[in-house]
Amino acid sequence: MNDVRDTLEKALCEVRIPPFVCAYPPRSAYLVSEAPASIPAVWEADQALSRDDLNLYIHVPFCGYKCGFCNLYTIICTEDESHTRYVEALRGQLRLQRRVIETRRIRTLYIGGGTPTLLRPERLRVVFDELDRLRPIWRSEVEEVAIEASPDSLSGRSGEGYARALVALGVDRVNVGVQSFQPRELRDAGRARADVDQILDSISALRSAGVRNLSTDLIIGFHGQSDKSWEASVRALLEIRPETISTYFLTIRPDAWFIRTNKYTYERDRSLYARYDHARDVFLCAGYIQESNVRFILPGRGGYRQKSLQFAGVPVLGIGAGARSYNNTADYLVGGSSNPSMGQVQTYMAHIEGGLLQAVSGFRFTDEERLRKRLVLDLFDLHLAELDRFGLAAHHDIYEPLLVAAKELGLAEEPEPGRIRLTSLGYRHRDLLSWAFFSDRVRERDSAFYAELHRRNVGDSSYWGSDLVSR
């Protein structure tokens, strides 16, 4: 147990900032050989392991341009015909997964991408209408309806009209990719069609339209960013006072354009924690509370409900090319790969049009991996008794030494027996602690995946891997 404590303490003192953990396992751990042969069977098996609740995620992979740090499943496509056909494929996949949608309570709907607001509002309405047909009561059950948007897609003369169309559809949270209020940083990020005026214009449009939860983000670690420019962006965002604020450390992957500029490395300097600390202090003093390691919300108004529920074990059904689904039987990916292309999106559309619902890769869970999943994602405030159904007692060696070490080092506390809660220091280093709970199986797949991606995109074999905890 002392060895675990010493390793964790050394990591806190010496290791640079690890990648943000938003899912377990990450996409990098999926294998073709573990893609479920029958997606309906996966959801039937999950029924015995989870509540009858569901998060619904719809992926729109289209963008008008590609940001330099992006490694999501996105492609540049503004063709109206492609958008129309893709929306019909989304409708088709929803119908193919009718049983899951009809038999579970839809707690959240999230439309992400890509840039979903590249689609005309009437196209989005087609998707909402299909949900109305499949589950007429979903609007009375849902706790959050959210969509991602780029500032340029909601600015200009048509911006407020589009925002009002979103509200009419039932959207109550809009995530606007702000990232910075510094023109140079925006340019360096590859935001070819966004400037500070467009950011402010899009936010004004959303406010005028009556969007209940304005969600924005800032990114720590752009090339040329200084403590001074970061603090200026924090002040500018606070003047807007969005209901939800996210502050992410910039993560660079081998398939992101940034890695080819020679301005970035995969490792983030731990001195960047000072910028995180500054933002946290400013937001808390302004009346925000911390919902996660990356997110701050105005009480009773802000929040990212789908992510909170996903971390707590509520399954996510992914719809669309490149969409991932998460449940307690298997996680899987429908369509796409680590090298997005229009050809893959066309294959996805053709499959759906032919009635074929196919996973291209996946990850099958054991009880041990189900247990790790909750520990990795949900340590913000977790009752361990919730994990008894995954054989908690039989796997005490997985969690007990790490939790003891986390408490001794001030990362976690136990306000009552069996309840683990992160401290403020634990929030700061949550990703480090999360990585420590990864299984060897997932670590090895992650390193191999990104080493191959680096070789393919950068052209050498020097990638060191992304697991900073065990190095």
# chains A, B, ... in the order shown; residues from 1 in each chain; ligands from 1
$ select_by_dssp --residues "stretch 76-285 of chain A" --states "strand (DSSP E or B)" --output "mmCIF file with N, CA and C atoms, in the first residue's frame"
data_model
loop_
_atom_site.group_PDB
_atom_site.id
_atom_site.type_symbol
_atom_site.label_atom_id
_atom_site.label_comp_id
_atom_site.auth_asym_id
_atom_site.auth_seq_id
_atom_site.Cartn_x
_atom_site.Cartn_y
_atom_site.Cartn_z
ATOM 1 N N ILE A 76 -14.882 18.316 -43.031
ATOM 2 C CA ILE A 76 -15.332 19.585 -43.601
ATOM 3 C C ILE A 76 -16.337 19.290 -44.705
ATOM 4 N N ARG A 105 -36.517 5.767 -20.327
ATOM 5 C CA ARG A 105 -36.788 7.191 -20.122
ATOM 6 C C ARG A 105 -35.616 8.012 -20.649
ATOM 7 N N ILE A 106 -35.875 8.882 -21.586
ATOM 8 C CA ILE A 106 -34.817 9.727 -22.145
ATOM 9 C C ILE A 106 -34.593 10.902 -21.194
ATOM 10 N N ARG A 107 -33.486 10.851 -20.483
ATOM 11 C CA ARG A 107 -33.218 11.887 -19.478
ATOM 12 C C ARG A 107 -32.523 13.109 -20.078
ATOM 13 N N THR A 108 -31.709 12.875 -21.115
ATOM 14 C CA THR A 108 -31.061 14.009 -21.778
ATOM 15 C C THR A 108 -30.948 13.730 -23.268
ATOM 16 N N LEU A 109 -30.963 14.807 -24.043
ATOM 17 C CA LEU A 109 -30.680 14.751 -25.478
ATOM 18 C C LEU A 109 -29.573 15.747 -25.755
ATOM 19 N N TYR A 110 -28.504 15.276 -26.385
ATOM 20 C CA TYR A 110 -27.363 16.140 -26.683
ATOM 21 C C TYR A 110 -27.007 15.968 -28.152
ATOM 22 N N ILE A 111 -26.943 17.083 -28.880
ATOM 23 C CA ILE A 111 -26.563 17.047 -30.286
ATOM 24 C C ILE A 111 -25.186 17.689 -30.400
ATOM 25 N N GLY A 112 -24.194 16.868 -30.760
ATOM 26 C CA GLY A 112 -22.821 17.343 -30.796
ATOM 27 C C GLY A 112 -22.175 17.114 -32.143
ATOM 28 N N GLY A 113 -20.898 17.408 -32.195
ATOM 29 C CA GLY A 113 -20.219 17.284 -33.493
ATOM 30 C C GLY A 113 -18.729 17.403 -33.379
ATOM 31 N N GLU A 144 -32.758 17.761 -19.973
ATOM 32 C CA GLU A 144 -31.863 18.677 -20.668
ATOM 33 C C GLU A 144 -31.882 18.372 -22.158
ATOM 34 N N VAL A 145 -31.984 19.422 -22.972
ATOM 35 C CA VAL A 145 -31.846 19.297 -24.419
ATOM 36 C C VAL A 145 -30.746 20.280 -24.829
ATOM 37 N N ALA A 146 -29.637 19.750 -25.338
ATOM 38 C CA ALA A 146 -28.455 20.581 -25.561
ATOM 39 C C ALA A 146 -27.922 20.424 -26.975
ATOM 40 N N ILE A 147 -27.203 21.448 -27.425
ATOM 41 C CA ILE A 147 -26.585 21.409 -28.746
ATOM 42 C C ILE A 147 -25.275 22.197 -28.706
ATOM 43 N N GLU A 148 -24.324 21.769 -29.508
ATOM 44 C CA GLU A 148 -23.067 22.493 -29.662
ATOM 45 C C GLU A 148 -23.185 23.475 -30.823
ATOM 46 N N ALA A 149 -22.453 24.594 -30.717
ATOM 47 C CA ALA A 149 -22.488 25.605 -31.777
ATOM 48 C C ALA A 149 -21.153 26.325 -31.843
ATOM 49 N N ARG A 173 -29.946 24.245 -23.500
ATOM 50 C CA ARG A 173 -28.522 24.532 -23.260
ATOM 51 C C ARG A 173 -27.808 24.572 -24.604
ATOM 52 N N VAL A 174 -27.039 25.622 -24.821
ATOM 53 C CA VAL A 174 -26.231 25.728 -26.031
ATOM 54 C C VAL A 174 -24.774 25.878 -25.614
ATOM 55 N N ASN A 175 -23.921 24.981 -26.113
ATOM 56 C CA ASN A 175 -22.483 25.043 -25.854
ATOM 57 C C ASN A 175 -21.811 25.824 -26.972
ATOM 58 N N VAL A 176 -21.318 27.005 -26.667
ATOM 59 C CA VAL A 176 -20.641 27.839 -27.653
ATOM 60 C C VAL A 176 -19.135 27.684 -27.459
ATOM 61 N N GLY A 177 -18.445 27.273 -28.513
ATOM 62 C CA GLY A 177 -17.007 27.073 -28.428
ATOM 63 C C GLY A 177 -16.257 28.385 -28.445
ATOM 64 N N VAL A 178 -16.115 29.020 -27.290
ATOM 65 C CA VAL A 178 -15.427 30.307 -27.191
ATOM 66 C C VAL A 178 -13.914 30.105 -27.279
ATOM 67 N N GLN A 179 -13.367 29.341 -26.335
ATOM 68 C CA GLN A 179 -11.961 28.928 -26.290
ATOM 69 C C GLN A 179 -10.992 30.028 -25.877
ATOM 70 N N ASN A 213 -29.649 28.058 -20.567
ATOM 71 C CA ASN A 213 -28.335 27.678 -20.048
ATOM 72 C C ASN A 213 -27.294 27.923 -21.137
ATOM 73 N N LEU A 214 -26.617 29.043 -21.043
ATOM 74 C CA LEU A 214 -25.518 29.341 -21.957
ATOM 75 C C LEU A 214 -24.254 28.691 -21.407
ATOM 76 N N SER A 215 -23.661 27.813 -22.205
ATOM 77 C CA SER A 215 -22.472 27.082 -21.791
ATOM 78 C C SER A 215 -21.300 27.485 -22.677
ATOM 79 N N THR A 216 -20.189 27.838 -22.068
ATOM 80 C CA THR A 216 -19.030 28.315 -22.816
ATOM 81 C C THR A 216 -17.774 27.629 -22.306
ATOM 82 N N ASP A 217 -16.698 27.720 -23.090
ATOM 83 C CA ASP A 217 -15.450 27.097 -22.657
ATOM 84 C C ASP A 217 -14.257 28.005 -22.914
ATOM 85 N N LEU A 218 -13.222 27.796 -22.124
ATOM 86 C CA LEU A 218 -11.921 28.408 -22.327
ATOM 87 C C LEU A 218 -10.873 27.304 -22.291
ATOM 88 N N ILE A 219 -9.825 27.462 -23.093
ATOM 89 C CA ILE A 219 -8.789 26.436 -23.185
ATOM 90 C C ILE A 219 -7.467 26.984 -22.657
ATOM 91 N N ILE A 220 -6.858 26.217 -21.765
ATOM 92 C CA ILE A 220 -5.581 26.576 -21.170
ATOM 93 C C ILE A 220 -4.453 25.931 -21.972
ATOM 94 N N THR A 244 -22.930 28.160 -17.435
ATOM 95 C CA THR A 244 -21.981 27.047 -17.339
ATOM 96 C C THR A 244 -20.663 27.447 -17.990
ATOM 97 N N ILE A 245 -19.567 27.184 -17.287
ATOM 98 C CA ILE A 245 -18.232 27.485 -17.793
ATOM 99 C C ILE A 245 -17.380 26.223 -17.697
ATOM 100 N N SER A 246 -16.673 25.900 -18.778
ATOM 101 C CA SER A 246 -15.715 24.803 -18.760
ATOM 102 C C SER A 246 -14.327 25.347 -19.045
ATOM 103 N N THR A 247 -13.347 24.874 -18.307
ATOM 104 C CA THR A 247 -11.950 25.259 -18.536
ATOM 105 C C THR A 247 -11.143 23.989 -18.768
ATOM 106 N N TYR A 248 -10.693 23.809 -19.996
ATOM 107 C CA TYR A 248 -9.968 22.600 -20.376
ATOM 108 C C TYR A 248 -8.492 22.898 -20.594
ATOM 109 N N PHE A 249 -7.638 21.964 -20.159
ATOM 110 C CA PHE A 249 -6.250 21.996 -20.590
ATOM 111 C C PHE A 249 -6.186 21.498 -22.029
ATOM 112 N N ARG A 268 1.839 18.444 -21.304
ATOM 113 C CA ARG A 268 1.509 19.802 -20.869
ATOM 114 C C ARG A 268 2.294 20.121 -19.608
#
$ closest_atom_pairs --of "stretch 34-148 of chain A" --to "stretch 186-191 of chain A" --cutoff "8 Å" --atoms "only C-alpha atoms" --output "tab-separated table"
residue	atom	partner	partner_atom	distance
A:Tyr65	CA	A:Arg191	CA	7.7
A:Lys66	CA	A:Gly190	CA	7.0
A:Cys67	CA	A:Gly190	CA	4.8
A:Gly68	CA	A:Gly190	CA	5.1
A:Phe69	CA	A:Ala189	CA	6.9
$ write_last_selection --atoms "C-alpha atoms" --output "short mmCIF file (atom, residue, chain, number, x, y, z; two decimals), in the first residue's frame"
data_model
loop_
_atom_site.label_atom_id
_atom_site.label_comp_id
_atom_site.auth_asym_id
_atom_site.auth_seq_id
_atom_site.Cartn_x
_atom_site.Cartn_y
_atom_site.Cartn_z
CA TYR A 65 -13.32 24.27 -41.00
CA LYS A 66 -11.11 22.19 -38.74
CA CYS A 67 -9.65 23.64 -35.55
CA GLY A 68 -5.96 22.93 -35.03
CA PHE A 69 -6.45 20.94 -31.83
#
$ select_by_dssp --residues "stretch 42-255 of chain A" --states "helix (DSSP H, G or I)" --output "VMD selection string"
chain A and resid 42 to 46 80 to 96 98 to 103 116 to 118 121 to 134 138 to 141 151 to 154 159 to 169 183 to 188 196 to 209 227 to 240
$ closest_residue --among "A:Ala312, A:Leu238, A:Ala323, A:Ile398" --to "A:Ile297" --atoms "only C-alpha atoms"
A:Leu238
$ residues_around --residues "stretch 37-40 of chain A" --least-positions-apart "2" --cutoff "12 Å" --atoms "only C-alpha atoms" --output "NGL selection string"
:A and (32-35 or 42-47 or 93 or 96-101 or 317-318 or 325-327 or 329-334 or 356-362 or 364)
$ write_last_selection --atoms "N, CA and C atoms" --output "mmCIF file, in the first residue's frame"
data_model
loop_
_atom_site.group_PDB
_atom_site.id
_atom_site.type_symbol
_atom_site.label_atom_id
_atom_site.label_comp_id
_atom_site.auth_asym_id
_atom_site.auth_seq_id
_atom_site.Cartn_x
_atom_site.Cartn_y
_atom_site.Cartn_z
ATOM 1 N N VAL A 32 -11.698 -3.902 -33.114
ATOM 2 C CA VAL A 32 -12.630 -4.437 -34.107
ATOM 3 C C VAL A 32 -13.183 -5.770 -33.625
ATOM 4 N N SER A 33 -12.314 -6.568 -33.002
ATOM 5 C CA SER A 33 -12.719 -7.903 -32.557
ATOM 6 C C SER A 33 -13.739 -7.874 -31.429
ATOM 7 N N GLU A 34 -13.901 -6.737 -30.769
ATOM 8 C CA GLU A 34 -14.868 -6.635 -29.684
ATOM 9 C C GLU A 34 -16.109 -5.834 -30.076
ATOM 10 N N ALA A 35 -16.229 -5.520 -31.372
ATOM 11 C CA ALA A 35 -17.448 -4.872 -31.842
ATOM 12 C C ALA A 35 -18.616 -5.840 -31.679
ATOM 13 N N VAL A 42 -26.864 -6.136 -27.176
ATOM 14 C CA VAL A 42 -26.080 -5.403 -26.181
ATOM 15 C C VAL A 42 -26.997 -4.619 -25.252
ATOM 16 N N TRP A 43 -28.002 -3.976 -25.822
ATOM 17 C CA TRP A 43 -28.907 -3.173 -25.007
ATOM 18 C C TRP A 43 -29.848 -4.043 -24.182
ATOM 19 N N GLU A 44 -30.220 -5.190 -24.703
ATOM 20 C CA GLU A 44 -31.042 -6.111 -23.908
ATOM 21 C C GLU A 44 -30.265 -6.614 -22.699
ATOM 22 N N ALA A 45 -28.983 -6.946 -22.902
ATOM 23 C CA ALA A 45 -28.150 -7.418 -21.789
ATOM 24 C C ALA A 45 -27.926 -6.307 -20.764
ATOM 25 N N ASP A 46 -27.828 -5.074 -21.235
ATOM 26 C CA ASP A 46 -27.611 -3.945 -20.330
ATOM 27 C C ASP A 46 -28.805 -3.713 -19.416
ATOM 28 N N GLN A 47 -29.973 -4.125 -19.847
ATOM 29 C CA GLN A 47 -31.193 -3.893 -19.078
ATOM 30 C C GLN A 47 -31.069 -4.443 -17.659
ATOM 31 N N GLN A 93 -31.546 5.525 -38.205
ATOM 32 C CA GLN A 93 -30.918 4.839 -37.076
ATOM 33 C C GLN A 93 -31.792 4.923 -35.831
ATOM 34 N N LEU A 96 -34.194 2.213 -36.224
ATOM 35 C CA LEU A 96 -33.580 0.902 -36.018
ATOM 36 C C LEU A 96 -33.355 0.607 -34.532
ATOM 37 N N GLN A 97 -33.264 1.667 -33.723
ATOM 38 C CA GLN A 97 -33.069 1.462 -32.281
ATOM 39 C C GLN A 97 -34.341 1.855 -31.514
ATOM 40 N N ARG A 98 -35.455 1.631 -32.193
ATOM 41 C CA ARG A 98 -36.763 1.976 -31.633
ATOM 42 C C ARG A 98 -36.990 1.347 -30.260
ATOM 43 N N ARG A 99 -36.623 0.077 -30.111
ATOM 44 C CA ARG A 99 -36.926 -0.605 -28.849
ATOM 45 C C ARG A 99 -36.228 0.062 -27.662
ATOM 46 N N VAL A 100 -34.967 0.437 -27.832
ATOM 47 C CA VAL A 100 -34.246 1.098 -26.746
ATOM 48 C C VAL A 100 -34.926 2.420 -26.398
ATOM 49 N N ILE A 101 -35.295 3.183 -27.408
ATOM 50 C CA ILE A 101 -35.881 4.507 -27.205
ATOM 51 C C ILE A 101 -37.286 4.406 -26.608
ATOM 52 N N LEU A 317 -26.835 6.283 -25.604
ATOM 53 C CA LEU A 317 -27.071 5.716 -26.931
ATOM 54 C C LEU A 317 -26.605 6.726 -27.966
ATOM 55 N N GLY A 318 -25.590 6.357 -28.750
ATOM 56 C CA GLY A 318 -25.036 7.247 -29.752
ATOM 57 C C GLY A 318 -25.666 7.004 -31.117
ATOM 58 N N SER A 325 -21.454 4.698 -28.231
ATOM 59 C CA SER A 325 -22.483 4.352 -27.255
ATOM 60 C C SER A 325 -21.800 3.749 -26.038
ATOM 61 N N TYR A 326 -22.295 4.112 -24.860
ATOM 62 C CA TYR A 326 -21.733 3.612 -23.608
ATOM 63 C C TYR A 326 -22.831 2.922 -22.809
ATOM 64 N N ASN A 327 -22.616 1.655 -22.467
ATOM 65 C CA ASN A 327 -23.488 1.043 -21.470
ATOM 66 C C ASN A 327 -22.684 0.062 -20.636
ATOM 67 N N THR A 329 -22.669 -3.255 -20.734
ATOM 68 C CA THR A 329 -22.345 -4.519 -21.395
ATOM 69 C C THR A 329 -21.148 -4.337 -22.327
ATOM 70 N N ALA A 330 -21.248 -3.310 -23.193
ATOM 71 C CA ALA A 330 -20.164 -3.014 -24.126
ATOM 72 C C ALA A 330 -20.294 -1.567 -24.587
ATOM 73 N N ASP A 331 -19.165 -0.916 -24.742
ATOM 74 C CA ASP A 331 -19.130 0.361 -25.448
ATOM 75 C C ASP A 331 -18.808 0.051 -26.902
ATOM 76 N N TYR A 332 -19.338 0.859 -27.814
ATOM 77 C CA TYR A 332 -19.070 0.575 -29.220
ATOM 78 C C TYR A 332 -19.177 1.837 -30.059
ATOM 79 N N LEU A 333 -18.613 1.760 -31.248
ATOM 80 C CA LEU A 333 -18.574 2.874 -32.193
ATOM 81 C C LEU A 333 -19.319 2.467 -33.453
ATOM 82 N N VAL A 334 -20.240 3.315 -33.893
ATOM 83 C CA VAL A 334 -20.981 3.075 -35.135
ATOM 84 C C VAL A 334 -20.367 3.928 -36.239
ATOM 85 N N LEU A 356 -29.111 -1.714 -42.138
ATOM 86 C CA LEU A 356 -28.002 -2.374 -41.460
ATOM 87 C C LEU A 356 -27.459 -1.467 -40.363
ATOM 88 N N LEU A 357 -27.519 -1.932 -39.120
ATOM 89 C CA LEU A 357 -26.973 -1.215 -37.980
ATOM 90 C C LEU A 357 -25.718 -1.958 -37.537
ATOM 91 N N GLN A 358 -24.551 -1.353 -37.741
ATOM 92 C CA GLN A 358 -23.299 -2.087 -37.572
ATOM 93 C C GLN A 358 -22.311 -1.300 -36.717
ATOM 94 N N ALA A 359 -21.742 -1.967 -35.723
ATOM 95 C CA ALA A 359 -20.662 -1.396 -34.928
ATOM 96 C C ALA A 359 -19.335 -1.766 -35.578
ATOM 97 N N VAL A 360 -18.415 -0.794 -35.653
ATOM 98 C CA VAL A 360 -17.134 -1.064 -36.306
ATOM 99 C C VAL A 360 -16.043 -1.435 -35.310
ATOM 100 N N SER A 361 -16.215 -1.084 -34.036
ATOM 101 C CA SER A 361 -15.263 -1.474 -32.993
ATOM 102 C C SER A 361 -15.950 -1.331 -31.648
ATOM 103 N N GLY A 362 -15.332 -1.897 -30.611
ATOM 104 C CA GLY A 362 -15.973 -1.827 -29.313
ATOM 105 C C GLY A 362 -15.080 -2.309 -28.185
ATOM 106 N N ARG A 364 -15.673 -4.806 -24.616
ATOM 107 C CA ARG A 364 -16.576 -5.634 -23.813
ATOM 108 C C ARG A 364 -16.189 -5.551 -22.341
#
$ closest_residue --among "A:Pro26, A:Gly355, A:Gly410, A:Gly170" --to "A:Arg125" --atoms "only C-alpha atoms"
A:Gly170
$ closest_atom_pairs --of "stretch 377-407 of chain A" --to "stretch 438-452 of chain A" --cutoff "12 Å" --atoms "only C-alpha atoms" --output "JSON lines"
{"residue": "A:Leu377", "atom": "CA", "partner": "A:Phe438", "partner_atom": "CA", "distance": 10.6}
{"residue": "A:Ile398", "atom": "CA", "partner": "A:Ser439", "partner_atom": "CA", "distance": 8.9}
{"residue": "A:Tyr399", "atom": "CA", "partner": "A:Phe438", "partner_atom": "CA", "distance": 10.7}
{"residue": "A:Leu402", "atom": "CA", "partner": "A:Phe438", "partner_atom": "CA", "distance": 11.6}
$ write_last_selection --atoms "C-alpha atoms" --output "PDB file, in the first residue's frame"
ATOM      1  CA  LEU A 377     -15.389   8.730 -13.939  1.00  0.00           C
ATOM      2  CA  ILE A 398      -8.325  -2.431  -7.415  1.00  0.00           C
ATOM      3  CA  TYR A 399      -9.625   0.469  -5.399  1.00  0.00           C
ATOM      4  CA  LEU A 402      -5.574   3.978  -4.237  1.00  0.00           C
TER       5      LEU A 402
END
$ closest_residue --among "A:Gly210, A:Pro136, A:Gly459, A:Pro242" --to "A:Gly302" --atoms "only C-alpha atoms"
A:Pro242
$ closest_atom_pairs --of "stretch 413-435 of chain A" --to "stretch 385-390 of chain A" --cutoff "12 Å" --atoms "only C-alpha atoms" --output "CSV"
residue,atom,partner,partner_atom,distance
A:Pro417,CA,A:Ala385,CA,10.0
A:Gly418,CA,A:Ala385,CA,6.8
A:Arg419,CA,A:Ala385,CA,8.3
A:Ile420,CA,A:Ala385,CA,10.7
$ closest_residue --among "A:Pro299, A:Arg184, A:Ala405, A:Ala436" --to "A:Glu9" --atoms "only C-alpha atoms"
A:Ala405
$ residues_around --residues "A:Thr251" --least-positions-apart "6" --cutoff "10 Å" --atoms "only C-alpha atoms" --output "ChimeraX atom specification"
/A:17-20,69-71,219-222,264-268
$ residues_around --residues "A:Arg430" --least-positions-apart "2" --cutoff "10 Å" --atoms "only C-alpha atoms" --output "VMD selection string"
chain A and resid 18 20 to 21 292 to 294 376 to 377 379 to 380 411 to 412 422 to 428 432 to 436
$ atom_distance --atom1 "atom CA of A:Val234" --atom2 "atom CA of A:Asp172"
24.0 Å
$ closest_residue --among "A:Glu143, A:Glu122, A:Glu368, A:Glu14" --to "A:Leu56" --atoms "only C-alpha atoms"
A:Glu143
$ residues_around --residues "stretch 341-347 of chain A" --least-positions-apart "2" --cutoff "9 Å" --atoms "only C-alpha atoms" --output "count of residues only"
19
$ atom_distance --atom1 "atom CA of A:Thr117" --atom2 "atom CA of A:Tyr162"
8.5 Å
$ residues_around --residues "A:Gly159" --least-positions-apart "4" --cutoff "10 Å" --atoms "only C-alpha atoms" --output "list in words"
Pro151, Asp152, Ser153, Leu154, Ser155, Ala163, Arg164, Ala165, Asp201, Ser202, Ile203, Ser204, Ala205, Leu206 and Ala209 of chain A
$ write_last_selection --atoms "C-alpha atoms" --output "PDB file, in the first residue's frame"
ATOM      1  CA  PRO A 151     -19.740  31.372 -32.736  1.00  0.00           C
ATOM      2  CA  ASP A 152     -19.724  32.056 -36.479  1.00  0.00           C
ATOM      3  CA  SER A 153     -22.773  29.810 -37.024  1.00  0.00           C
ATOM      4  CA  LEU A 154     -24.874  31.993 -34.691  1.00  0.00           C
ATOM      5  CA  SER A 155     -23.542  35.443 -35.512  1.00  0.00           C
ATOM      6  CA  ALA A 163     -31.190  30.819 -31.863  1.00  0.00           C
ATOM      7  CA  ARG A 164     -34.952  31.362 -31.622  1.00  0.00           C
ATOM      8  CA  ALA A 165     -35.503  28.294 -33.790  1.00  0.00           C
ATOM      9  CA  ASP A 201     -22.571  38.525 -31.339  1.00  0.00           C
ATOM     10  CA  SER A 202     -23.462  34.844 -31.015  1.00  0.00           C
ATOM     11  CA  ILE A 203     -23.851  35.123 -27.249  1.00  0.00           C
ATOM     12  CA  SER A 204     -26.081  38.179 -27.683  1.00  0.00           C
ATOM     13  CA  ALA A 205     -28.241  36.210 -30.122  1.00  0.00           C
ATOM     14  CA  LEU A 206     -28.640  33.336 -27.652  1.00  0.00           C
ATOM     15  CA  ALA A 209     -33.620  34.234 -27.929  1.00  0.00           C
TER      16      ALA A 209
END
$ closest_residue --among "A:Val316, A:Gly92, A:Ser308, A:Val127" --to "A:Gly354" --atoms "only C-alpha atoms"
A:Gly92
